[in-house]
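What's in model00.cif: mmCIF, N, CA and C atoms and all ligand atoms
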data_final
#
loop_
_atom_site.group_PDB
_atom_site.id
_atom_site.type_symbol
_atom_site.label_atom_id
_atom_site.label_comp_id
_atom_site.auth_asym_id
_atom_site.auth_seq_id
_atom_site.Cartn_x
_atom_site.Cartn_y
_atom_site.Cartn_z
ATOM 1 N N ALA A 440 32.553 0.009 -43.761
ATOM 2 C CA ALA A 440 32.085 0.183 -45.127
ATOM 3 C C ALA A 440 31.014 -0.853 -45.463
ATOM 4 N N ILE A 441 31.175 -2.056 -44.942
ATOM 5 C CA ILE A 441 30.188 -3.099 -45.214
ATOM 6 C C ILE A 441 28.840 -2.751 -44.581
ATOM 7 N N VAL A 442 28.885 -2.238 -43.369
ATOM 8 C CA VAL A 442 27.646 -1.845 -42.693
ATOM 9 C C VAL A 442 26.972 -0.714 -43.464
ATOM 10 N N ALA A 443 27.758 0.258 -43.936
ATOM 11 C CA ALA A 443 27.196 1.368 -44.704
ATOM 12 C C ALA A 443 26.553 0.861 -45.999
ATOM 13 N N MET A 444 27.223 -0.067 -46.678
ATOM 14 C CA MET A 444 26.653 -0.618 -47.911
ATOM 15 C C MET A 444 25.335 -1.343 -47.634
ATOM 16 N N ILE A 445 25.286 -2.100 -46.558
ATOM 17 C CA ILE A 445 24.055 -2.809 -46.206
ATOM 18 C C ILE A 445 22.935 -1.812 -45.898
ATOM 19 N N LEU A 446 23.270 -0.768 -45.139
ATOM 20 C CA LEU A 446 22.271 0.255 -44.816
ATOM 21 C C LEU A 446 21.749 0.937 -46.070
ATOM 22 N N PHE A 447 22.650 1.286 -46.987
ATOM 23 C CA PHE A 447 22.226 1.954 -48.208
ATOM 24 C C PHE A 447 21.349 1.037 -49.055
ATOM 25 N N MET A 448 21.678 -0.255 -49.082
ATOM 26 C CA MET A 448 20.861 -1.192 -49.855
ATOM 27 C C MET A 448 19.479 -1.336 -49.238
ATOM 28 N N ILE A 449 19.413 -1.340 -47.920
ATOM 29 C CA ILE A 449 18.126 -1.505 -47.233
ATOM 30 C C ILE A 449 17.265 -0.258 -47.395
ATOM 31 N N THR A 450 17.885 0.917 -47.265
ATOM 32 C CA THR A 450 17.098 2.150 -47.237
ATOM 33 C C THR A 450 16.852 2.765 -48.604
ATOM 34 N N SER A 451 17.615 2.382 -49.609
ATOM 35 C CA SER A 451 17.395 2.990 -50.923
ATOM 36 C C SER A 451 16.434 2.130 -51.736
ATOM 37 N N ASP A 452 15.593 2.815 -52.471
ATOM 38 C CA ASP A 452 14.623 2.147 -53.330
ATOM 39 C C ASP A 452 14.922 2.581 -54.761
ATOM 40 N N SER A 453 15.507 1.707 -55.546
ATOM 41 C CA SER A 453 15.936 2.076 -56.898
ATOM 42 C C SER A 453 14.765 2.188 -57.875
ATOM 43 N N SER A 454 13.566 1.762 -57.485
ATOM 44 C CA SER A 454 12.436 1.802 -58.405
ATOM 45 C C SER A 454 11.792 3.189 -58.480
ATOM 46 N N THR A 455 12.099 4.050 -57.522
ATOM 47 C CA THR A 455 11.513 5.392 -57.527
ATOM 48 C C THR A 455 12.610 6.441 -57.572
ATOM 49 N N VAL A 456 12.245 7.620 -58.086
ATOM 50 C CA VAL A 456 13.192 8.726 -58.110
ATOM 51 C C VAL A 456 13.224 9.351 -56.718
ATOM 52 N N LEU A 457 14.430 9.463 -56.186
ATOM 53 C CA LEU A 457 14.571 9.976 -54.833
ATOM 54 C C LEU A 457 14.518 11.495 -54.830
ATOM 55 N N VAL A 458 13.662 12.052 -54.008
ATOM 56 C CA VAL A 458 13.554 13.505 -53.886
ATOM 57 C C VAL A 458 14.198 13.909 -52.570
ATOM 58 N N GLN A 459 15.120 14.855 -52.671
ATOM 59 C CA GLN A 459 15.779 15.341 -51.465
ATOM 60 C C GLN A 459 14.786 16.157 -50.644
ATOM 61 N N PRO A 460 14.769 15.965 -49.328
ATOM 62 C CA PRO A 460 13.932 16.826 -48.477
ATOM 63 C C PRO A 460 14.466 18.254 -48.518
ATOM 64 N N SER A 461 13.659 19.196 -48.048
ATOM 65 C CA SER A 461 14.096 20.591 -48.016
ATOM 66 C C SER A 461 15.288 20.737 -47.070
ATOM 67 N N MET A 462 15.979 21.859 -47.188
ATOM 68 C CA MET A 462 17.147 22.100 -46.331
ATOM 69 C C MET A 462 16.751 22.166 -44.858
ATOM 70 N N VAL A 463 15.557 22.680 -44.594
ATOM 71 C CA VAL A 463 15.086 22.758 -43.193
ATOM 72 C C VAL A 463 14.918 21.342 -42.638
ATOM 73 N N VAL A 464 14.281 20.468 -43.432
ATOM 74 C CA VAL A 464 14.082 19.087 -42.987
ATOM 75 C C VAL A 464 15.420 18.378 -42.844
ATOM 76 N N GLN A 465 16.323 18.572 -43.804
ATOM 77 C CA GLN A 465 17.639 17.937 -43.727
ATOM 78 C C GLN A 465 18.423 18.434 -42.502
ATOM 79 N N SER A 466 18.295 19.725 -42.198
ATOM 80 C CA SER A 466 18.972 20.275 -41.016
ATOM 81 C C SER A 466 18.431 19.634 -39.748
ATOM 82 N N PHE A 467 17.108 19.485 -39.676
ATOM 83 C CA PHE A 467 16.504 18.835 -38.515
ATOM 84 C C PHE A 467 16.948 17.371 -38.422
ATOM 85 N N GLN A 468 16.958 16.677 -39.548
ATOM 86 C CA GLN A 468 17.407 15.281 -39.558
ATOM 87 C C GLN A 468 18.854 15.181 -39.079
ATOM 88 N N PHE A 469 19.684 16.114 -39.508
ATOM 89 C CA PHE A 469 21.081 16.114 -39.094
ATOM 90 C C PHE A 469 21.206 16.323 -37.582
ATOM 91 N N LEU A 470 20.404 17.241 -37.039
ATOM 92 C CA LEU A 470 20.421 17.481 -35.589
ATOM 93 C C LEU A 470 19.965 16.237 -34.828
ATOM 94 N N VAL A 471 18.933 15.573 -35.334
ATOM 95 C CA VAL A 471 18.462 14.338 -34.700
ATOM 96 C C VAL A 471 19.559 13.277 -34.744
ATOM 97 N N ALA A 472 20.219 13.165 -35.886
ATOM 98 C CA ALA A 472 21.297 12.178 -36.034
ATOM 99 C C ALA A 472 22.426 12.460 -35.037
ATOM 100 N N MET A 473 22.795 13.736 -34.879
ATOM 101 C CA MET A 473 23.859 14.085 -33.925
ATOM 102 C C MET A 473 23.429 13.767 -32.495
ATOM 103 N N LEU A 474 22.176 14.048 -32.174
ATOM 104 C CA LEU A 474 21.667 13.780 -30.825
ATOM 105 C C LEU A 474 21.686 12.282 -30.529
ATOM 106 N N VAL A 475 21.230 11.478 -31.479
ATOM 107 C CA VAL A 475 21.222 10.025 -31.291
ATOM 108 C C VAL A 475 22.649 9.502 -31.148
ATOM 109 N N MET A 476 23.536 9.948 -32.024
ATOM 110 C CA MET A 476 24.927 9.467 -32.001
ATOM 111 C C MET A 476 25.625 9.855 -30.698
ATOM 112 N N ASP A 477 25.490 11.112 -30.297
ATOM 113 C CA ASP A 477 26.156 11.552 -29.064
ATOM 114 C C ASP A 477 25.587 10.857 -27.835
ATOM 115 N N THR A 478 24.274 10.684 -27.787
ATOM 116 C CA THR A 478 23.644 10.005 -26.652
ATOM 117 C C THR A 478 24.107 8.556 -26.577
ATOM 118 N N TRP A 479 24.113 7.877 -27.724
ATOM 119 C CA TRP A 479 24.575 6.487 -27.790
ATOM 120 C C TRP A 479 26.023 6.386 -27.309
ATOM 121 N N GLN A 480 26.877 7.247 -27.829
ATOM 122 C CA GLN A 480 28.289 7.164 -27.477
ATOM 123 C C GLN A 480 28.521 7.494 -26.003
ATOM 124 N N TYR A 481 27.781 8.464 -25.482
ATOM 125 C CA TYR A 481 27.956 8.822 -24.071
ATOM 126 C C TYR A 481 27.625 7.639 -23.172
ATOM 127 N N PHE A 482 26.468 7.009 -23.387
ATOM 128 C CA PHE A 482 26.037 5.955 -22.476
ATOM 129 C C PHE A 482 26.832 4.660 -22.665
ATOM 130 N N VAL A 483 27.204 4.332 -23.888
ATOM 131 C CA VAL A 483 28.023 3.129 -24.089
ATOM 132 C C VAL A 483 29.419 3.348 -23.489
ATOM 133 N N HIS A 484 29.972 4.545 -23.709
ATOM 134 C CA HIS A 484 31.277 4.860 -23.134
ATOM 135 C C HIS A 484 31.217 4.788 -21.610
ATOM 136 N N ARG A 485 30.167 5.358 -21.043
ATOM 137 C CA ARG A 485 29.988 5.323 -19.592
ATOM 138 C C ARG A 485 29.889 3.887 -19.082
ATOM 139 N N TYR A 486 29.136 3.056 -19.812
ATOM 140 C CA TYR A 486 28.986 1.663 -19.401
ATOM 141 C C TYR A 486 30.314 0.913 -19.487
ATOM 142 N N MET A 487 31.116 1.267 -20.483
ATOM 143 C CA MET A 487 32.427 0.628 -20.618
ATOM 144 C C MET A 487 33.318 0.935 -19.410
ATOM 145 N N HIS A 488 33.096 2.072 -18.757
ATOM 146 C CA HIS A 488 33.856 2.393 -17.553
ATOM 147 C C HIS A 488 33.272 1.712 -16.327
ATOM 148 N N GLN A 489 31.973 1.507 -16.303
ATOM 149 C CA GLN A 489 31.321 0.891 -15.140
ATOM 150 C C GLN A 489 31.534 -0.616 -15.109
ATOM 151 N N ASN A 490 31.548 -1.254 -16.263
ATOM 152 C CA ASN A 490 31.728 -2.702 -16.344
ATOM 153 C C ASN A 490 33.225 -3.007 -16.380
ATOM 154 N N LYS A 491 33.742 -3.577 -15.304
ATOM 155 C CA LYS A 491 35.188 -3.782 -15.187
ATOM 156 C C LYS A 491 35.734 -4.734 -16.252
ATOM 157 N N PHE A 492 34.947 -5.753 -16.616
ATOM 158 C CA PHE A 492 35.413 -6.691 -17.644
ATOM 159 C C PHE A 492 35.559 -5.976 -18.989
ATOM 160 N N LEU A 493 34.540 -5.215 -19.359
ATOM 161 C CA LEU A 493 34.613 -4.500 -20.643
ATOM 162 C C LEU A 493 35.732 -3.473 -20.633
ATOM 163 N N TYR A 494 35.904 -2.799 -19.481
ATOM 164 C CA TYR A 494 36.970 -1.801 -19.415
ATOM 165 C C TYR A 494 38.331 -2.467 -19.576
ATOM 166 N N GLN A 495 38.545 -3.530 -18.834
ATOM 167 C CA GLN A 495 39.861 -4.174 -18.834
ATOM 168 C C GLN A 495 40.194 -4.802 -20.191
ATOM 169 N N HIS A 496 39.234 -5.441 -20.822
ATOM 170 C CA HIS A 496 39.520 -6.196 -22.041
ATOM 171 C C HIS A 496 39.265 -5.431 -23.339
ATOM 172 N N ILE A 497 38.466 -4.388 -23.286
ATOM 173 C CA ILE A 497 38.134 -3.688 -24.534
ATOM 174 C C ILE A 497 38.448 -2.191 -24.451
ATOM 175 N N HIS A 498 37.842 -1.502 -23.511
ATOM 176 C CA HIS A 498 37.902 -0.039 -23.526
ATOM 177 C C HIS A 498 39.243 0.545 -23.101
ATOM 178 N N SER A 499 40.011 -0.173 -22.297
ATOM 179 C CA SER A 499 41.269 0.390 -21.791
ATOM 180 C C SER A 499 42.231 0.737 -22.929
ATOM 181 N N GLN A 500 42.101 0.050 -24.061
ATOM 182 C CA GLN A 500 42.968 0.371 -25.210
ATOM 183 C C GLN A 500 42.781 1.825 -25.634
ATOM 184 N N HIS A 501 41.561 2.294 -25.574
ATOM 185 C CA HIS A 501 41.255 3.677 -25.965
ATOM 186 C C HIS A 501 41.985 4.680 -25.073
ATOM 187 N N HIS A 502 42.183 4.352 -23.800
ATOM 188 C CA HIS A 502 42.809 5.285 -22.864
ATOM 189 C C HIS A 502 44.314 5.115 -22.778
ATOM 190 N N ARG A 503 44.887 4.230 -23.584
ATOM 191 C CA ARG A 503 46.353 4.098 -23.622
ATOM 192 C C ARG A 503 46.990 5.247 -24.388
ATOM 193 N N LEU A 504 46.193 5.907 -25.201
ATOM 194 C CA LEU A 504 46.699 7.035 -25.985
ATOM 195 C C LEU A 504 46.983 8.188 -25.039
ATOM 196 N N ILE A 505 48.233 8.648 -25.003
ATOM 197 C CA ILE A 505 48.636 9.663 -24.032
ATOM 198 C C ILE A 505 48.402 11.069 -24.565
ATOM 199 N N VAL A 506 48.768 11.300 -25.820
ATOM 200 C CA VAL A 506 48.636 12.636 -26.395
ATOM 201 C C VAL A 506 47.210 12.798 -26.935
ATOM 202 N N PRO A 507 46.452 13.757 -26.406
ATOM 203 C CA PRO A 507 45.068 13.921 -26.869
ATOM 204 C C PRO A 507 44.993 14.712 -28.174
ATOM 205 N N TYR A 508 44.378 14.143 -29.148
ATOM 206 C CA TYR A 508 44.070 14.852 -30.384
ATOM 207 C C TYR A 508 42.785 14.252 -30.930
ATOM 208 N N ALA A 509 42.101 15.008 -31.788
ATOM 209 C CA ALA A 509 40.739 14.652 -32.191
ATOM 210 C C ALA A 509 40.634 13.250 -32.786
ATOM 211 N N ILE A 510 41.530 12.897 -33.694
ATOM 212 C CA ILE A 510 41.427 11.590 -34.355
ATOM 213 C C ILE A 510 41.732 10.462 -33.366
ATOM 214 N N GLY A 511 42.371 10.808 -32.248
ATOM 215 C CA GLY A 511 42.656 9.817 -31.210
ATOM 216 C C GLY A 511 41.391 9.231 -30.600
ATOM 217 N N ALA A 512 40.281 9.921 -30.731
ATOM 218 C CA ALA A 512 39.005 9.399 -30.212
ATOM 219 C C ALA A 512 38.655 8.080 -30.892
ATOM 220 N N LEU A 513 39.178 7.878 -32.090
ATOM 221 C CA LEU A 513 38.884 6.650 -32.828
ATOM 222 C C LEU A 513 39.903 5.554 -32.557
ATOM 223 N N TYR A 514 40.873 5.838 -31.713
ATOM 224 C CA TYR A 514 41.860 4.816 -31.353
ATOM 225 C C TYR A 514 41.218 3.914 -30.313
ATOM 226 N N ASN A 515 40.734 2.764 -30.748
ATOM 227 C CA ASN A 515 40.054 1.864 -29.818
ATOM 228 C C ASN A 515 40.111 0.426 -30.324
ATOM 229 N N HIS A 516 39.632 -0.458 -29.495
ATOM 230 C CA HIS A 516 39.536 -1.883 -29.829
ATOM 231 C C HIS A 516 38.548 -2.036 -31.000
ATOM 232 N N PRO A 517 38.787 -2.964 -31.932
ATOM 233 C CA PRO A 517 37.868 -3.118 -33.063
ATOM 234 C C PRO A 517 36.425 -3.387 -32.645
ATOM 235 N N LEU A 518 36.239 -4.135 -31.570
ATOM 236 C CA LEU A 518 34.880 -4.408 -31.108
ATOM 237 C C LEU A 518 34.202 -3.138 -30.592
ATOM 238 N N GLU A 519 34.984 -2.304 -29.931
ATOM 239 C CA GLU A 519 34.446 -1.032 -29.457
ATOM 240 C C GLU A 519 34.134 -0.118 -30.644
ATOM 241 N N GLY A 520 34.981 -0.123 -31.640
ATOM 242 C CA GLY A 520 34.716 0.666 -32.846
ATOM 243 C C GLY A 520 33.428 0.237 -33.519
ATOM 244 N N LEU A 521 33.219 -1.069 -33.561
ATOM 245 C CA LEU A 521 31.991 -1.587 -34.174
ATOM 246 C C LEU A 521 30.775 -1.184 -33.351
ATOM 247 N N LEU A 522 30.879 -1.329 -32.033
ATOM 248 C CA LEU A 522 29.747 -1.038 -31.149
ATOM 249 C C LEU A 522 29.468 0.458 -31.057
ATOM 250 N N LEU A 523 30.491 1.250 -30.822
ATOM 251 C CA LEU A 523 30.290 2.689 -30.609
ATOM 252 C C LEU A 523 30.090 3.428 -31.924
ATOM 253 N N ASP A 524 31.035 3.309 -32.812
ATOM 254 C CA ASP A 524 31.035 4.149 -34.003
ATOM 255 C C ASP A 524 30.131 3.609 -35.111
ATOM 256 N N THR A 525 30.317 2.350 -35.465
ATOM 257 C CA THR A 525 29.555 1.809 -36.591
ATOM 258 C C THR A 525 28.081 1.627 -36.234
ATOM 259 N N LEU A 526 27.812 0.967 -35.114
ATOM 260 C CA LEU A 526 26.422 0.749 -34.727
ATOM 261 C C LEU A 526 25.734 2.066 -34.371
ATOM 262 N N GLY A 527 26.456 2.951 -33.681
ATOM 263 C CA GLY A 527 25.900 4.261 -33.342
ATOM 264 C C GLY A 527 25.591 5.077 -34.590
ATOM 265 N N GLY A 528 26.487 5.041 -35.557
ATOM 266 C CA GLY A 528 26.253 5.755 -36.812
ATOM 267 C C GLY A 528 25.067 5.184 -37.576
ATOM 268 N N ALA A 529 24.965 3.850 -37.583
ATOM 269 C CA ALA A 529 23.842 3.213 -38.275
ATOM 270 C C ALA A 529 22.521 3.570 -37.606
ATOM 271 N N MET A 530 22.519 3.559 -36.275
ATOM 272 C CA MET A 530 21.282 3.916 -35.564
ATOM 273 C C MET A 530 20.896 5.366 -35.818
ATOM 274 N N SER A 531 21.850 6.266 -35.770
ATOM 275 C CA SER A 531 21.529 7.680 -35.985
ATOM 276 C C SER A 531 21.040 7.908 -37.408
ATOM 277 N N PHE A 532 21.594 7.176 -38.364
ATOM 278 C CA PHE A 532 21.159 7.283 -39.756
ATOM 279 C C PHE A 532 19.714 6.794 -39.896
ATOM 280 N N LEU A 533 19.401 5.670 -39.283
ATOM 281 C CA LEU A 533 18.057 5.106 -39.415
ATOM 282 C C LEU A 533 17.017 5.928 -38.648
ATOM 283 N N VAL A 534 17.350 6.329 -37.432
ATOM 284 C CA VAL A 534 16.388 7.084 -36.615
ATOM 285 C C VAL A 534 16.085 8.449 -37.246
ATOM 286 N N SER A 535 17.113 9.104 -37.773
ATOM 287 C CA SER A 535 16.912 10.437 -38.351
ATOM 288 C C SER A 535 16.308 10.393 -39.746
ATOM 289 N N ALA A 536 16.268 9.214 -40.353
ATOM 290 C CA ALA A 536 15.712 9.022 -41.709
ATOM 291 C C ALA A 536 16.444 9.862 -42.743
ATOM 292 N N LEU A 537 17.755 10.025 -42.544
ATOM 293 C CA LEU A 537 18.550 10.734 -43.540
ATOM 294 C C LEU A 537 18.509 9.977 -44.862
ATOM 295 N N VAL A 538 18.587 10.703 -45.948
ATOM 296 C CA VAL A 538 18.554 10.113 -47.268
ATOM 297 C C VAL A 538 19.979 9.722 -47.668
ATOM 298 N N PRO A 539 20.189 8.490 -48.157
ATOM 299 C CA PRO A 539 21.556 8.062 -48.451
ATOM 300 C C PRO A 539 22.173 8.696 -49.684
ATOM 301 N N LYS A 540 21.436 9.398 -50.490
ATOM 302 C CA LYS A 540 22.027 9.967 -51.712
ATOM 303 C C LYS A 540 22.121 11.471 -51.598
HETATM 304 ZN ZN ZN B 601 36.704 5.996 -21.546
#
Here is the file; what I need is its structure written in the form of structure tokens.
Amino acid sequence: AIVAMILFMITSDSSTVLVQPSMVVQSFQFLVAMLVMDTWQYFVHRYMHQNKFLYQHIHSQHHRLIVPYAIGALYNHPLEGLLLDTLGGAMSFLVSALVPK
């Protein structure tokens, strides 16, 4: 939540009236955001498996979950959550230039 608040403060300009882009532009921005997020998560996740130290001390917690369910993807070490989910989300938001409002 703190990262999201910082991003919104950085990207929002309260001195001007914000105009929403068209639905076509917003759809494209959303696709770009998904592409950035998925690419980031794929390669960081892959690196966490290749680097034995990171796997043993951080990523292995994610694979302790035995029963697979969708929300289980977020069961991870706090540092991994920050790196994968929070940083990945922030990057996809900034790269896609999505509007915060
Ligand atoms: Zn893994």
Return as JSON lines the residues of chain A lying at most 7 Å from ligand ZN 601 (chain B), together with the closest atom-to-atom pair for each and the distance in Å to one decimal, counting all atoms listed in the file, with rows in chain order and ascending residue number.
{"residue": "A:His484", "atom": "C", "partner": "B:ZN601", "partner_atom": "ZN", "distance": 5.6}
{"residue": "A:Arg485", "atom": "N", "partner": "B:ZN601", "partner_atom": "ZN", "distance": 6.6}
{"residue": "A:Met487", "atom": "C", "partner": "B:ZN601", "partner_atom": "ZN", "distance": 6.5}
{"residue": "A:His488", "atom": "N", "partner": "B:ZN601", "partner_atom": "ZN", "distance": 6.0}
{"residue": "A:His498", "atom": "C", "partner": "B:ZN601", "partner_atom": "ZN", "distance": 6.2}
{"residue": "A:His501", "atom": "C", "partner": "B:ZN601", "partner_atom": "ZN", "distance": 6.5}
{"residue": "A:His502", "atom": "N", "partner": "B:ZN601", "partner_atom": "ZN", "distance": 6.1}
With N, CA and C atoms retained, could you export that selection as a PDB file, in the coordinates of the input?
ATOM      1  N   HIS A 484      29.972   4.545 -23.709  1.00  0.00           N
ATOM      2  CA  HIS A 484      31.277   4.860 -23.134  1.00  0.00           C
ATOM      3  C   HIS A 484      31.217   4.788 -21.610  1.00  0.00           C
ATOM      4  N   ARG A 485      30.167   5.358 -21.043  1.00  0.00           N
ATOM      5  CA  ARG A 485      29.988   5.323 -19.592  1.00  0.00           C
ATOM      6  C   ARG A 485      29.889   3.887 -19.082  1.00  0.00           C
ATOM      7  N   MET A 487      31.116   1.267 -20.483  1.00  0.00           N
ATOM      8  CA  MET A 487      32.427   0.628 -20.618  1.00  0.00           C
ATOM      9  C   MET A 487      33.318   0.935 -19.410  1.00  0.00           C
ATOM     10  N   HIS A 488      33.096   2.072 -18.757  1.00  0.00           N
ATOM     11  CA  HIS A 488      33.856   2.393 -17.553  1.00  0.00           C
ATOM     12  C   HIS A 488      33.272   1.712 -16.327  1.00  0.00           C
ATOM     13  N   HIS A 498      37.842  -1.502 -23.511  1.00  0.00           N
ATOM     14  CA  HIS A 498      37.902  -0.039 -23.526  1.00  0.00           C
ATOM     15  C   HIS A 498      39.243   0.545 -23.101  1.00  0.00           C
ATOM     16  N   HIS A 501      41.561   2.294 -25.574  1.00  0.00           N
ATOM     17  CA  HIS A 501      41.255   3.677 -25.965  1.00  0.00           C
ATOM     18  C   HIS A 501      41.985   4.680 -25.073  1.00  0.00           C
ATOM     19  N   HIS A 502      42.183   4.352 -23.800  1.00  0.00           N
ATOM     20  CA  HIS A 502      42.809   5.285 -22.864  1.00  0.00           C
ATOM     21  C   HIS A 502      44.314   5.115 -22.778  1.00  0.00           C
TER      22      HIS A 502
END
Atomic distance CA of Val471 (chain A) - CA of Ser535 (chain A), expressed in Å with one decimal: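 Between these atoms lies a distance of 5.6 Å.
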Distance in Å - CA of Asp477 (chain A) versus CA of Leu537 (chain A):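 Going from CA of Asp477 (chain A) over to CA of Leu537 (chain A), I get 16.4 Å.
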Nearest to Val534 (chain A), chosen from A:Phe447, A:Gly511, A:Leu518, A:Ala472, with all atoms listed in the file counted in the distances: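 Answer, going by the shortest atom-to-atom distance: A:Ala472.
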Residue IDs satisfying the PyMOL selection byres (((chain A and resi 464-470 and name CA) around 12) and not hetatm and name CA), as a list in words: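 Applying the expression gives Val458, Gln459, Pro460, Ser461, Met462, Val463, Val471, Ala472, Met473, Leu474, Val475, Met476, Asp477, Gly528, Ser531, Phe532, Leu533, Val534, Ser535, Ala536, Leu537, Val538 and Pro539 of chain A.
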d(CA of Thr478 (chain A), CA of Leu526 (chain A)) in Å: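 Distance reported for this atom pair: 12.6 Å.
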Top pick for closest residue to His496 (chain A), considering A:Ser451, A:Met530, A:His516, A:Tyr481 and counting only C-alpha atoms: A:His516
Quick one: 6 Å padding each side, axis-aligned, all listed atoms of region 483-491 of chain A - centre and edge lengths in Å to one decimal, as JSON?
{"center_x": 31.5, "center_y": 0.3, "center_z": -19.6, "size_x": 20.5, "size_y": 22.1, "size_z": 21.0}
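Taking all atoms listed in the file, the non-local environment of Val442 (chain A) within 8 Å (same-chain residues fewer than 5 positions away omitted) comprises A:Phe447, A:Met448, A:Thr525, A:Ala529.
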Filtered DSSP result for region 455-539 of chain A, state helix (DSSP H, G or I), as a PyMOL selection string: chain A and resi 462-489+491-496+498-503+509-513+517-535
Pull the neighbourhood of (34.9, 7.5, -35.6) for me: all residues within 8 Å in file coordinates, counting all atoms listed in the file, as a PDB file with N, CA and C atoms, keeping the file's coordinate frame.
ATOM      1  N   ILE A 510      41.530  12.897 -33.694  1.00  0.00           N
ATOM      2  CA  ILE A 510      41.427  11.590 -34.355  1.00  0.00           C
ATOM      3  C   ILE A 510      41.732  10.462 -33.366  1.00  0.00           C
ATOM      4  N   ALA A 512      40.281   9.921 -30.731  1.00  0.00           N
ATOM      5  CA  ALA A 512      39.005   9.399 -30.212  1.00  0.00           C
ATOM      6  C   ALA A 512      38.655   8.080 -30.892  1.00  0.00           C
ATOM      7  N   LEU A 513      39.178   7.878 -32.090  1.00  0.00           N
ATOM      8  CA  LEU A 513      38.884   6.650 -32.828  1.00  0.00           C
ATOM      9  C   LEU A 513      39.903   5.554 -32.557  1.00  0.00           C
ATOM     10  N   TYR A 514      40.873   5.838 -31.713  1.00  0.00           N
ATOM     11  CA  TYR A 514      41.860   4.816 -31.353  1.00  0.00           C
ATOM     12  C   TYR A 514      41.218   3.914 -30.313  1.00  0.00           C
ATOM     13  N   GLY A 520      34.981  -0.123 -31.640  1.00  0.00           N
ATOM     14  CA  GLY A 520      34.716   0.666 -32.846  1.00  0.00           C
ATOM     15  C   GLY A 520      33.428   0.237 -33.519  1.00  0.00           C
ATOM     16  N   LEU A 523      30.491   1.250 -30.822  1.00  0.00           N
ATOM     17  CA  LEU A 523      30.290   2.689 -30.609  1.00  0.00           C
ATOM     18  C   LEU A 523      30.090   3.428 -31.924  1.00  0.00           C
ATOM     19  N   ASP A 524      31.035   3.309 -32.812  1.00  0.00           N
ATOM     20  CA  ASP A 524      31.035   4.149 -34.003  1.00  0.00           C
ATOM     21  C   ASP A 524      30.131   3.609 -35.111  1.00  0.00           C
ATOM     22  N   THR A 525      30.317   2.350 -35.465  1.00  0.00           N
ATOM     23  CA  THR A 525      29.555   1.809 -36.591  1.00  0.00           C
ATOM     24  C   THR A 525      28.081   1.627 -36.234  1.00  0.00           C
TER      25      THR A 525
END
